[in-house]
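Working notes, beginning with the structure itself.
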Amino acid sequence: MAKCSICGKPAVYVSRAAGLALCQRHFLEYFDRKVRRTIRRYQLFKPREHIVVAASGGKDSMALLHYLHNLAKRVPGWKVSALLVDEGIGGYREYTVKRLVDYAEEHGVEYYIAKFKDYIGYTLDKIVRMGREKGLPYLPCTYCGVFRRYIMNRAAREIGATVVATGHNLDDIVQTFLMNVLGNDWAKIVRLGPVSGPANHPRFVRKVKPFYEVLEKETTLYAVLHGLYTGFEECPYAQMSMRWTVRRMINELEERSPGVKYSLLRSLETAIGILRRQGIGEPSDEEGLYTCALCGEPAAHPICRACQLRLELGIMEVSREKLESLPPEARQMVENALRLAEKRK
Ligand SMILES: [Zn+2]
Ligand SMILES: [Zn+2]
């Protein structure tokens, strides 16, 4: 059995990339140093913050909630609470909701639950069924991702968050990076930094990723060591996603040449730097984000993705007067979406 490189006690963690083995105590110190370095390096938080952790009840977000809840005890200007977006995926979400609620009650953390049903009108299961019936070309993860981000921003703002922290780890980030490379989607790659902006929209809540430089096996071990990981749950839709394949590929590469994941992260940072200098992807600072002409939320286009999907699904009505009052670009987008919905009926 491997021994801790620092004290010689039995190791709980081995990093082939760093040539390092660590016992429980030294692993937790290493983990803490790593996260604090990320927070400092990218200036994730300000002296006064209401940090809302985007909690799914899964191991990464539970680890993040636990980590920030404890860190905030030493920072007087910080308040940490948790926000869970409940999509209503039967046989999956119930368990993770319970895990969050149990934790929050035990540790005295304020928590909020925002349901798809309340914000969108339907559960994700229902939306996926409707999308299939209408023959829309989207995977479940598309609806989930779009509506989840939409609800997260709105609900976080409603509870007074100044920043939302998400549990994305290094593995998640390099997977998304590679998926966007495969899709030649460089505008999305620009937004994969540890702080997602641009934040100059009054309704946009800044999003940060404190586990940006932490491997998934490290967040998992952190969760296990704190009793936050009681079993394996995978979203039932996960295997239908491209991410599933990309994840397996990257893990195989890492197995063969340790350090590949870090190297991918550095490549991503280089790419973001180059893209920013070229002005690719981000709306210019003067323009900032759009404001969705239908719902008023921040958007990358004149109509936000969430409204666009709702129109295509036929679960959002736009009156004739409203349609005629829209600016030309927005009106065009609405008409296109409505036409799609009509054609597939
Ligand atoms: Zn040790
Ligand atoms: Zn909208």
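Going by the structure tokens order, chains are called A, B, ..., each with residues numbered from 1, while ligands are numbered from 1 in the order shown.
Proximal residues of ligand 2 are Thr291, Cys292, Ala293, Leu294, Cys295, Gly296, Glu297, Pro298, Ala299, Ile303, Cys304, Arg305, Ala306, Cys307 and Gln308 of chain A, by a cut-off of 8 Å on only C-alpha atoms and all ligand atoms.
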Could you list, as a PyMOL selection string, every residue within 12 Å of A:Arg25, counting only C-alpha atoms and ignoring same-chain residues fewer than 3 positions away? chain A and resi 4-13+21-22+28-32+222+225
Just the alpha helix (DSSP H) stuff from stretch 135-305 of chain A, please, per backbone DSSP, written as JSON, numbers by chain. {"A": [140, 141, 142, 143, 144, 145, 146, 147, 148, 149, 150, 151, 152, 153, 154, 155, 156, 157, 158, 170, 171, 172, 173, 174, 175, 176, 177, 178, 179, 180, 181, 182, 186, 187, 188, 189, 190, 216, 217, 218, 219, 220, 221, 222, 223, 224, 225, 242, 243, 244, 245, 246, 247, 248, 249, 250, 251, 252, 253, 254, 255, 256, 260, 261, 262, 263, 264, 265, 266, 267, 268, 269, 270, 271, 272, 273, 274, 275, 276, 277, 305]}
Among the residues of stretch 125-318 of chain A, find those DSSP assigns to strand (DSSP E) from the backbone and print them as a PDB file with N, CA and C atoms, in the first residue's frame.
ATOM      1  N   VAL A 163     -23.419  36.181  -6.098  1.00  0.00           N
ATOM      2  CA  VAL A 163     -22.610  35.302  -6.949  1.00  0.00           C
ATOM      3  C   VAL A 163     -23.137  33.874  -6.806  1.00  0.00           C
ATOM      4  N   VAL A 164     -23.089  33.112  -7.891  1.00  0.00           N
ATOM      5  CA  VAL A 164     -23.466  31.696  -7.843  1.00  0.00           C
ATOM      6  C   VAL A 164     -22.211  30.868  -8.038  1.00  0.00           C
ATOM      7  N   ALA A 165     -21.951  29.936  -7.113  1.00  0.00           N
ATOM      8  CA  ALA A 165     -20.795  29.040  -7.251  1.00  0.00           C
ATOM      9  C   ALA A 165     -21.284  27.684  -7.719  1.00  0.00           C
ATOM     10  N   THR A 166     -20.666  27.160  -8.778  1.00  0.00           N
ATOM     11  CA  THR A 166     -21.073  25.849  -9.291  1.00  0.00           C
ATOM     12  C   THR A 166     -19.970  24.826  -9.030  1.00  0.00           C
ATOM     13  N   VAL A 195     -14.615  32.296 -14.215  1.00  0.00           N
ATOM     14  CA  VAL A 195     -15.663  33.270 -13.925  1.00  0.00           C
ATOM     15  C   VAL A 195     -16.426  33.448 -15.219  1.00  0.00           C
ATOM     16  N   SER A 196     -17.751  33.242 -15.212  1.00  0.00           N
ATOM     17  CA  SER A 196     -18.456  33.424 -16.464  1.00  0.00           C
ATOM     18  C   SER A 196     -19.117  34.779 -16.500  1.00  0.00           C
ATOM     19  N   ARG A 206     -23.355  36.791 -11.472  1.00  0.00           N
ATOM     20  CA  ARG A 206     -22.034  36.241 -11.807  1.00  0.00           C
ATOM     21  C   ARG A 206     -21.937  34.764 -11.378  1.00  0.00           C
ATOM     22  N   LYS A 207     -21.296  33.935 -12.230  1.00  0.00           N
ATOM     23  CA  LYS A 207     -21.126  32.515 -11.909  1.00  0.00           C
ATOM     24  C   LYS A 207     -19.635  32.203 -11.775  1.00  0.00           C
ATOM     25  N   VAL A 208     -19.263  31.487 -10.740  1.00  0.00           N
ATOM     26  CA  VAL A 208     -17.848  31.134 -10.552  1.00  0.00           C
ATOM     27  C   VAL A 208     -17.692  29.629 -10.303  1.00  0.00           C
ATOM     28  N   TYR A 290     -27.857  40.835 -24.397  1.00  0.00           N
ATOM     29  CA  TYR A 290     -29.195  41.270 -24.780  1.00  0.00           C
ATOM     30  C   TYR A 290     -30.134  41.097 -23.588  1.00  0.00           C
ATOM     31  N   THR A 291     -31.281  41.725 -23.681  1.00  0.00           N
ATOM     32  CA  THR A 291     -32.366  41.444 -22.755  1.00  0.00           C
ATOM     33  C   THR A 291     -33.456  40.773 -23.578  1.00  0.00           C
ATOM     34  N   PRO A 298     -31.530  38.122 -19.071  1.00  0.00           N
ATOM     35  CA  PRO A 298     -30.332  38.302 -19.906  1.00  0.00           C
ATOM     36  C   PRO A 298     -30.228  37.187 -20.947  1.00  0.00           C
ATOM     37  N   ALA A 299     -29.764  37.521 -22.130  1.00  0.00           N
ATOM     38  CA  ALA A 299     -29.749  36.535 -23.209  1.00  0.00           C
ATOM     39  C   ALA A 299     -28.587  36.799 -24.147  1.00  0.00           C
TER      40      ALA A 299
END
All residues 10 Å or closer to stretch 271-283 of chain A, only C-alpha atoms, same chain fewer than 4 positions away omitted, as a list in words: Phe177, Asp185, Trp186, Ala187, Lys188, Ile189, Val190, Arg191, Leu192, Gly193, Gly197, Pro198, Leu265, Arg266, Ser267, Glu287, Gly288, Leu289, Tyr290, Ala300 and His301 of chain A
Quick one: residues within 9 Å of A:Val205, only C-alpha atoms counted, chain neighbours fewer than 3 positions away excluded, as a list of chain:residue names?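 My reading of the contact set: A:Asn153, A:Arg154, A:Ala156, A:Arg157, A:Ala161, A:Thr162, A:Val163, A:Val164, A:Gly197, A:Ala199, A:His201, A:Pro202.
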Name all residues at most 10 Å from A:Leu178 (count only C-alpha atoms; drop same-chain ones fewer than 3 positions away) and give them as a ChimeraX atom specification. /A:173-175,181-185,189,243,246-247,250,264,268
Residues within 9 Å of A:Tyr119, only C-alpha atoms, excluding chain neighbours under 4 positions, as a ChimeraX atom specification: /A:114-115,147,151
Keeping C-alpha atoms for every residue in the selection just given, could you write it to a file as a CSV table (one decimal), in the first residue's frame?
chain,number,residue,atom,x,y,z
A,114,ALA,CA,-36.6,26.0,-7.6
A,115,LYS,CA,-38.8,23.6,-9.7
A,147,PHE,CA,-33.8,25.6,-18.6
A,151,ILE,CA,-33.9,29.1,-13.7
Spatial neighbours of stretch 97-105 of chain A, max dist 9 Å, only C-alpha atoms, sep filter under 2 positions, as a list of chain:residue names: A:Ala55, A:Ser56, A:Gly57, A:Gly58, A:Met62, A:His66, A:Ser81, A:Ala82, A:Leu84, A:Asp86, A:Arg93, A:Glu94, A:Tyr95, A:His107, A:Gly108, A:Val109, A:Glu110, A:Tyr111, A:Ile113, A:Leu228
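Using only C-alpha atoms and all ligand atoms for every distance, the candidate list A:Lys34, A:Gly90, A:Leu338, A:Leu20 yields A:Leu20 as the residue closest to ligand 1.
Proximity of A:Glu255, A:Val80, A:Leu64, A:Gly135 to A:Ala341, computed with only C-alpha atoms, is greatest for A:Gly135.
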Could you tell me which of A:His26, A:Glu269, A:Arg132, A:Leu71 comes closest to ligand 1 if we count only C-alpha atoms and all ligand atoms?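 So, comparing all the options, the nearest one is A:His26.
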Find the distance between atom CA of A:Ala337 and atom CA of A:Leu309 and write it in Å to one decimal.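 Those two atoms sit 7.9 Å apart.
Proximity of A:Lys3, A:Lys73, A:Lys261, A:Arg16 to ligand 1, computed with only C-alpha atoms and all ligand atoms, is greatest for A:Lys3.
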Take atom CA of A:Tyr262 and atom CA of A:Tyr212 and report the distance between them in Å, one decimal. 10.6 Å
